[in-house]
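**Student:** If it helps, the file is called entry_8.cif and holds mmCIF, C-alpha atoms:
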data_final
loop_
_atom_site.label_atom_id
_atom_site.label_comp_id
_atom_site.auth_asym_id
_atom_site.auth_seq_id
_atom_site.Cartn_x
_atom_site.Cartn_y
_atom_site.Cartn_z
CA ASN A 1099 8.53 37.60 -0.55
CA ASN A 1100 5.94 39.49 1.55
CA GLU A 1101 6.20 36.75 4.17
CA LEU A 1102 4.11 37.06 7.34
CA GLN A 1103 6.92 36.25 9.78
CA TYR A 1104 9.88 38.15 11.15
CA TYR A 1105 13.05 36.07 11.27
CA THR A 1106 14.88 35.89 14.60
CA LYS A 1107 17.89 33.96 15.86
CA GLU A 1108 15.87 32.87 18.89
CA ASN A 1109 13.61 30.68 16.75
CA ALA A 1110 16.46 28.32 15.78
CA GLU A 1111 18.14 25.96 18.24
CA ILE A 1112 19.95 22.64 18.41
CA VAL A 1113 17.91 19.98 20.24
CA ASP A 1114 19.33 16.46 20.64
CA GLY A 1115 21.82 17.15 17.84
CA LYS A 1116 19.15 18.40 15.40
CA LEU A 1117 18.51 21.90 14.12
CA VAL A 1118 14.97 22.93 15.07
CA ILE A 1119 13.31 25.98 13.48
CA THR A 1120 10.18 27.08 15.33
CA ALA A 1121 7.41 29.37 14.13
CA LYS A 1122 5.47 31.27 16.78
CA LYS A 1123 2.30 33.32 16.63
CA GLU A 1124 3.54 36.48 18.31
CA SER A 1125 3.71 40.14 17.35
CA TYR A 1126 7.22 41.33 16.60
CA LEU A 1127 8.33 44.45 14.72
CA GLY A 1128 5.08 44.73 12.78
CA LYS A 1129 4.72 41.04 11.95
CA GLU A 1130 2.23 38.60 13.53
CA TYR A 1131 4.63 35.63 13.53
CA THR A 1132 8.29 34.89 14.19
CA SER A 1133 10.44 32.16 12.71
CA SER A 1134 14.04 31.70 11.65
CA ARG A 1135 15.99 31.49 8.42
CA LEU A 1136 19.54 30.19 8.23
CA THR A 1137 21.86 30.94 5.32
CA THR A 1138 25.41 30.06 4.38
CA LYS A 1139 26.02 33.25 2.35
CA TYR A 1140 29.73 34.20 2.50
CA LYS A 1141 30.27 31.24 4.85
CA GLY A 1142 29.51 28.41 2.44
CA ASP A 1143 29.11 29.37 -1.20
CA PHE A 1144 29.11 26.62 -3.79
CA THR A 1145 29.34 26.11 -7.54
CA TYR A 1146 28.36 22.49 -8.18
CA GLY A 1147 28.30 19.63 -5.74
CA ARG A 1148 26.13 17.14 -3.95
CA PHE A 1149 23.87 18.42 -1.19
CA ILE A 1150 21.95 16.13 1.17
CA ILE A 1151 19.77 17.61 3.89
CA ARG A 1152 17.90 15.33 6.27
CA ALA A 1153 14.67 16.92 7.50
CA LYS A 1154 11.26 16.34 9.00
CA LEU A 1155 8.83 19.00 7.86
CA PRO A 1156 6.25 20.96 9.85
CA SER A 1157 2.56 20.41 9.29
CA GLY A 1158 -0.32 22.75 8.75
CA ALA A 1159 -1.74 25.24 6.30
CA GLY A 1160 0.34 28.39 6.21
CA THR A 1161 3.69 26.65 6.55
CA TRP A 1162 6.08 26.62 3.59
CA PRO A 1163 9.39 25.09 4.66
CA ALA A 1164 12.14 25.20 2.08
CA ILE A 1165 15.68 24.01 1.49
CA TRP A 1166 16.89 26.21 -1.32
CA MET A 1167 19.80 28.06 -2.89
CA MET A 1168 20.26 31.59 -4.18
CA PRO A 1169 23.18 33.16 -6.10
CA THR A 1170 25.82 34.79 -3.93
CA MET A 1171 26.63 37.66 -6.29
CA SER A 1172 23.74 37.51 -8.84
CA ALA A 1173 26.08 37.56 -11.83
CA TYR A 1174 23.21 37.88 -14.34
CA GLY A 1175 21.06 40.42 -12.47
CA GLY A 1176 18.29 40.27 -9.89
CA TRP A 1177 15.77 37.51 -9.39
CA PRO A 1178 14.98 35.42 -11.41
CA ASN A 1179 17.77 36.20 -13.91
CA SER A 1180 20.58 34.77 -11.78
CA GLY A 1181 18.56 31.72 -10.78
CA GLU A 1182 17.12 29.97 -7.75
CA ILE A 1183 17.38 26.28 -6.91
CA ASP A 1184 14.64 24.83 -4.72
CA ILE A 1185 16.04 21.56 -3.41
CA MET A 1186 12.82 20.99 -1.46
CA GLU A 1187 9.67 23.00 -0.89
CA HIS A 1188 6.67 21.77 1.06
CA VAL A 1189 3.44 23.73 0.98
CA GLY A 1190 1.59 22.98 4.22
CA ARG A 1191 -1.83 22.88 2.58
CA ASP A 1192 -0.55 20.08 0.29
CA ALA A 1193 0.72 17.75 3.01
CA ASP A 1194 1.58 14.71 0.87
CA ASN A 1195 3.84 16.40 -1.71
CA VAL A 1196 7.30 17.89 -1.83
CA PHE A 1197 8.62 19.90 -4.75
CA SER A 1198 11.91 20.69 -6.44
CA THR A 1199 11.97 23.69 -8.77
CA ILE A 1200 14.31 26.03 -10.61
CA HIS A 1201 13.67 29.67 -11.42
CA THR A 1202 15.51 31.49 -14.21
CA GLU A 1203 15.02 34.43 -16.57
CA LYS A 1204 13.39 32.13 -19.14
CA PHE A 1205 11.72 29.71 -16.73
CA ASN A 1206 9.73 31.36 -13.93
CA HIS A 1207 6.19 31.52 -12.61
CA MET A 1208 5.70 35.15 -13.69
CA GLN A 1209 5.81 33.99 -17.31
CA GLY A 1210 4.04 30.69 -16.69
CA THR A 1211 7.19 28.81 -17.74
CA GLN A 1212 8.49 27.62 -14.36
CA ILE A 1213 10.03 24.13 -14.31
CA GLY A 1214 9.29 22.04 -11.25
CA TYR A 1215 8.60 18.50 -10.17
CA ASP A 1216 6.81 17.00 -7.22
CA ILE A 1217 6.83 13.64 -5.51
CA THR A 1218 4.20 12.13 -3.22
CA LEU A 1219 5.63 11.73 0.26
CA PRO A 1220 2.85 11.01 2.81
CA THR A 1221 5.33 10.87 5.73
CA ALA A 1222 7.07 14.20 5.02
CA GLU A 1223 5.60 15.67 8.23
CA THR A 1224 6.04 12.63 10.48
CA GLU A 1225 9.42 11.13 9.50
CA PHE A 1226 12.87 12.35 8.53
CA HIS A 1227 13.74 12.13 4.84
CA GLU A 1228 16.87 12.94 2.83
CA TYR A 1229 16.42 15.73 0.28
CA GLU A 1230 19.26 15.84 -2.22
CA ILE A 1231 20.53 17.46 -5.37
CA ILE A 1232 23.51 16.61 -7.49
CA TRP A 1233 24.51 19.79 -9.30
CA ASN A 1234 26.91 19.47 -12.23
CA PRO A 1235 27.66 21.83 -15.13
CA GLY A 1236 24.51 21.93 -17.26
CA GLN A 1237 22.43 19.62 -15.04
CA ILE A 1238 20.77 19.40 -11.62
CA LEU A 1239 19.26 16.12 -10.40
CA ALA A 1240 16.84 16.01 -7.42
CA PHE A 1241 16.23 13.06 -5.10
CA VAL A 1242 14.24 12.08 -2.03
CA ASP A 1243 15.67 9.21 0.01
CA GLY A 1244 17.93 8.30 -2.88
CA GLU A 1245 15.08 8.15 -5.44
CA GLN A 1246 15.59 10.54 -8.35
CA PHE A 1247 12.40 12.38 -9.25
CA ALA A 1248 13.60 15.47 -11.13
CA THR A 1249 16.10 16.40 -13.82
CA PHE A 1250 16.85 19.99 -14.72
CA GLY A 1251 19.22 20.58 -17.58
CA TYR A 1252 20.32 22.82 -20.38
CA SER A 1253 19.57 21.73 -23.92
CA ALA A 1254 20.97 23.84 -26.75
CA ALA A 1255 18.18 22.69 -29.05
CA PHE A 1256 15.47 23.61 -26.51
CA ASN A 1257 16.99 26.94 -25.46
CA GLN A 1258 18.52 28.30 -28.66
CA ASP A 1259 16.32 31.42 -28.48
CA VAL A 1260 18.13 32.79 -25.38
CA PRO A 1261 21.69 32.99 -24.06
CA TYR A 1262 22.80 30.02 -21.92
CA HIS A 1263 22.55 31.95 -18.64
CA ALA A 1264 18.95 33.05 -19.35
CA ALA A 1265 17.85 29.42 -19.35
CA PHE A 1266 20.39 27.89 -16.94
CA PRO A 1267 22.37 30.44 -14.87
CA PHE A 1268 23.71 27.75 -12.56
CA ASP A 1269 27.41 28.32 -13.30
CA GLN A 1270 28.13 30.65 -10.39
CA ASP A 1271 28.35 30.49 -6.60
CA PHE A 1272 25.11 29.84 -4.70
CA PHE A 1273 24.47 29.73 -0.96
CA LEU A 1274 22.14 27.46 0.99
CA ILE A 1275 19.00 28.64 2.84
CA LEU A 1276 16.86 26.74 5.34
CA ASN A 1277 13.59 28.30 6.44
CA LEU A 1278 10.08 27.62 7.61
#
Turn this file's structure into structure tokens for me.
**Tutor:**
Amino acid sequence: NNELQYYTKENAEIVDGKLVITAKKESYLGKEYTSSRLTTKYKGDFTYGRFIIRAKLPSGAGTWPAIWMMPTMSAYGGWPNSGEIDIMEHVGRDADNVFSTIHTEKFNHMQGTQIGYDITLPTAETEFHEYEIIWNPGQILAFVDGEQFATFGYSAAFNQDVPYHAAFPFDQDFFLILNL
């Protein structure tokens, strides 16, 4: 994604029972920043389920923490054809909002068709919140602190111009990613 940081293991640690990912302004292997990204690929791959991640988000322009999922084997081809599930994204320059988004062959920002929702959350950077999806065949529901704010689903009437997987490729294993 042409990100400005280099990911290192040293930027992730457990402090008082909590995972802490730290970004640092430091030169490392051609990048001006370091951070960390944790994935469950080949260690925890999922097709459907309920995922709840409790997090307090960093503040400041330039940060873009995310709790998201990518396909393990990309059954329908490279991005965005095999899908992406953004459980939570928080763009640091937009401090009071969190987003949940899906990316697919039919629905993506390159075509101006991306499907996403946001919710106002003024304490995202100062308090812990629970970010959740319930992923079932044909539907993904997104929540913050138990409040549903997004529904993603397949509708045969709405998507009859493309194969099922082009609109909703979420019938394969995905892995979880946490990054800053």
**Student:** I'd like the residues picked by the PyMOL selection byres ((chain A and resi 1145) around 10) written out as a ChimeraX atom specification, using the chain letters and numbers from the file.
**Tutor:** /A:1143-1144,1146-1147,1169,1233-1235,1268-1273
**Student:** Give me the residues near range 1108-1116 of chain A as a PyMOL selection string, where near means some atom within 12 Å (using all atoms listed in the file) and where sequence neighbours in that chain fewer than 5 positions away do not count.
**Tutor:** chain A and resi 1103+1121-1124+1131-1136+1151-1154+1226+1276-1278
**Student:** Write the residues of the preceding selection, restricted to C-alpha atoms, as a PDB file, keeping the file's coordinate frame.
**Tutor:**
ATOM      1  CA  GLN A1103       6.920  36.250   9.780  1.00  0.00           C
ATOM      2  CA  ALA A1121       7.410  29.370  14.130  1.00  0.00           C
ATOM      3  CA  LYS A1122       5.470  31.270  16.780  1.00  0.00           C
ATOM      4  CA  LYS A1123       2.300  33.320  16.630  1.00  0.00           C
ATOM      5  CA  GLU A1124       3.540  36.480  18.310  1.00  0.00           C
ATOM      6  CA  TYR A1131       4.630  35.630  13.530  1.00  0.00           C
ATOM      7  CA  THR A1132       8.290  34.890  14.190  1.00  0.00           C
ATOM      8  CA  SER A1133      10.440  32.160  12.710  1.00  0.00           C
ATOM      9  CA  SER A1134      14.040  31.700  11.650  1.00  0.00           C
ATOM     10  CA  ARG A1135      15.990  31.490   8.420  1.00  0.00           C
ATOM     11  CA  LEU A1136      19.540  30.190   8.230  1.00  0.00           C
ATOM     12  CA  ILE A1151      19.770  17.610   3.890  1.00  0.00           C
ATOM     13  CA  ARG A1152      17.900  15.330   6.270  1.00  0.00           C
ATOM     14  CA  ALA A1153      14.670  16.920   7.500  1.00  0.00           C
ATOM     15  CA  LYS A1154      11.260  16.340   9.000  1.00  0.00           C
ATOM     16  CA  PHE A1226      12.870  12.350   8.530  1.00  0.00           C
ATOM     17  CA  LEU A1276      16.860  26.740   5.340  1.00  0.00           C
ATOM     18  CA  ASN A1277      13.590  28.300   6.440  1.00  0.00           C
ATOM     19  CA  LEU A1278      10.080  27.620   7.610  1.00  0.00           C
TER      20      LEU A1278
END
**Student:** For Ala1240 in chain A, work out the shell of residues within 8 Å, counting all atoms listed in the file and skipping chain neighbours fewer than 3 positions away, then give it as an MDAnalysis selection string.
**Tutor:** chainID A and resid 1185 1198 1229:1232 1246:1249
**Student:** Taking all atoms of range 1222-1230 of chain A that the file lists and extending 8 Å past them on each side, where is the centre of the axis-aligned box and how long are its edges? Answer in Å to one decimal, as AutoDock Vina command-line options.
**Tutor:**
--center_x 12.4 --center_y 13.5 --center_z 4.1 --size_x 29.7 --size_y 20.7 --size_z 28.7
**Student:** So what does the PyMOL selection byres ((chain A and resi 1265) around 12) actually pick up in this one, as a ChimeraX atom specification?
**Tutor:** /A:1174,1178-1182,1200-1206,1211-1213,1236-1237,1250-1264,1266-1269
**Student:** Output the selection as a tab-separated table (two decimals), in the coordinates of the input - C-alpha atoms for each residue.
**Tutor:**
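Listed below is the output, again-v5.tsv:
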chain	number	residue	atom	x	y	z
A	1174	TYR	CA	23.21	37.88	-14.34
A	1178	PRO	CA	14.98	35.42	-11.41
A	1179	ASN	CA	17.77	36.20	-13.91
A	1180	SER	CA	20.58	34.77	-11.78
A	1181	GLY	CA	18.56	31.72	-10.78
A	1182	GLU	CA	17.12	29.97	-7.75
A	1200	ILE	CA	14.31	26.03	-10.61
A	1201	HIS	CA	13.67	29.67	-11.42
A	1202	THR	CA	15.51	31.49	-14.21
A	1203	GLU	CA	15.02	34.43	-16.57
A	1204	LYS	CA	13.39	32.13	-19.14
A	1205	PHE	CA	11.72	29.71	-16.73
A	1206	ASN	CA	9.73	31.36	-13.93
A	1211	THR	CA	7.19	28.81	-17.74
A	1212	GLN	CA	8.49	27.62	-14.36
A	1213	ILE	CA	10.03	24.13	-14.31
A	1236	GLY	CA	24.51	21.93	-17.26
A	1237	GLN	CA	22.43	19.62	-15.04
A	1250	PHE	CA	16.85	19.99	-14.72
A	1251	GLY	CA	19.22	20.58	-17.58
A	1252	TYR	CA	20.32	22.82	-20.38
A	1253	SER	CA	19.57	21.73	-23.92
A	1254	ALA	CA	20.97	23.84	-26.75
A	1255	ALA	CA	18.18	22.69	-29.05
A	1256	PHE	CA	15.47	23.61	-26.51
A	1257	ASN	CA	16.99	26.94	-25.46
A	1258	GLN	CA	18.52	28.30	-28.66
A	1259	ASP	CA	16.32	31.42	-28.48
A	1260	VAL	CA	18.13	32.79	-25.38
A	1261	PRO	CA	21.69	32.99	-24.06
A	1262	TYR	CA	22.80	30.02	-21.92
A	1263	HIS	CA	22.55	31.95	-18.64
A	1264	ALA	CA	18.95	33.05	-19.35
A	1266	PHE	CA	20.39	27.89	-16.94
A	1267	PRO	CA	22.37	30.44	-14.87
A	1268	PHE	CA	23.71	27.75	-12.56
A	1269	ASP	CA	27.41	28.32	-13.30
**Student:** In Å, rounded to a single decimal, give me how far CA of Thr1137 in chain A is from CA of His1207 in chain A.
**Tutor:**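 About the pair CA of His1207 in chain A and CA of Thr1137 in chain A: they are 23.8 Å apart.
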**Student:** Can you translate the PyMOL selection byres ((chain A and resi 1191) around 8) into the concrete residues it hits in this file, as a PyMOL selection string?
**Tutor:** chain A and resi 1158-1161+1189-1190+1192-1193
**Student:** Could you dump the residues just selected with C-alpha atoms as a PDB file, keeping the file's coordinate frame?
**Tutor:**
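Contents of the output file out-v9.pdb:
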ATOM      1  CA  GLY A1158      -0.320  22.750   8.750  1.00  0.00           C
ATOM      2  CA  ALA A1159      -1.740  25.240   6.300  1.00  0.00           C
ATOM      3  CA  GLY A1160       0.340  28.390   6.210  1.00  0.00           C
ATOM      4  CA  THR A1161       3.690  26.650   6.550  1.00  0.00           C
ATOM      5  CA  VAL A1189       3.440  23.730   0.980  1.00  0.00           C
ATOM      6  CA  GLY A1190       1.590  22.980   4.220  1.00  0.00           C
ATOM      7  CA  ASP A1192      -0.550  20.080   0.290  1.00  0.00           C
ATOM      8  CA  ALA A1193       0.720  17.750   3.010  1.00  0.00           C
TER       9      ALA A1193
END
**Student:** Rank A:Leu1127, A:Ile1217, A:Leu1102, A:Ile1150 by their smallest atom-to-atom distance to Glu1187 in chain A, using all atoms listed in the file, and report the top residue only.
**Tutor:**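 Under the stated criterion, the closest residue is A:Ile1217.
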**Student:** State, in Å with one decimal place, the distance from CA of Val1242 in chain A to CA of Gly1214 in chain A.
**Tutor:**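 Between these atoms lies a distance of 14.4 Å.
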**Student:** Of the candidates A:Thr1170, A:Phe1241, A:Thr1106, A:Thr1218, which one gets nearest to Met1186 in chain A if we count only C-alpha atoms?
**Tutor:**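 For Met1186 in chain A, the nearest of the candidates is A:Phe1241.
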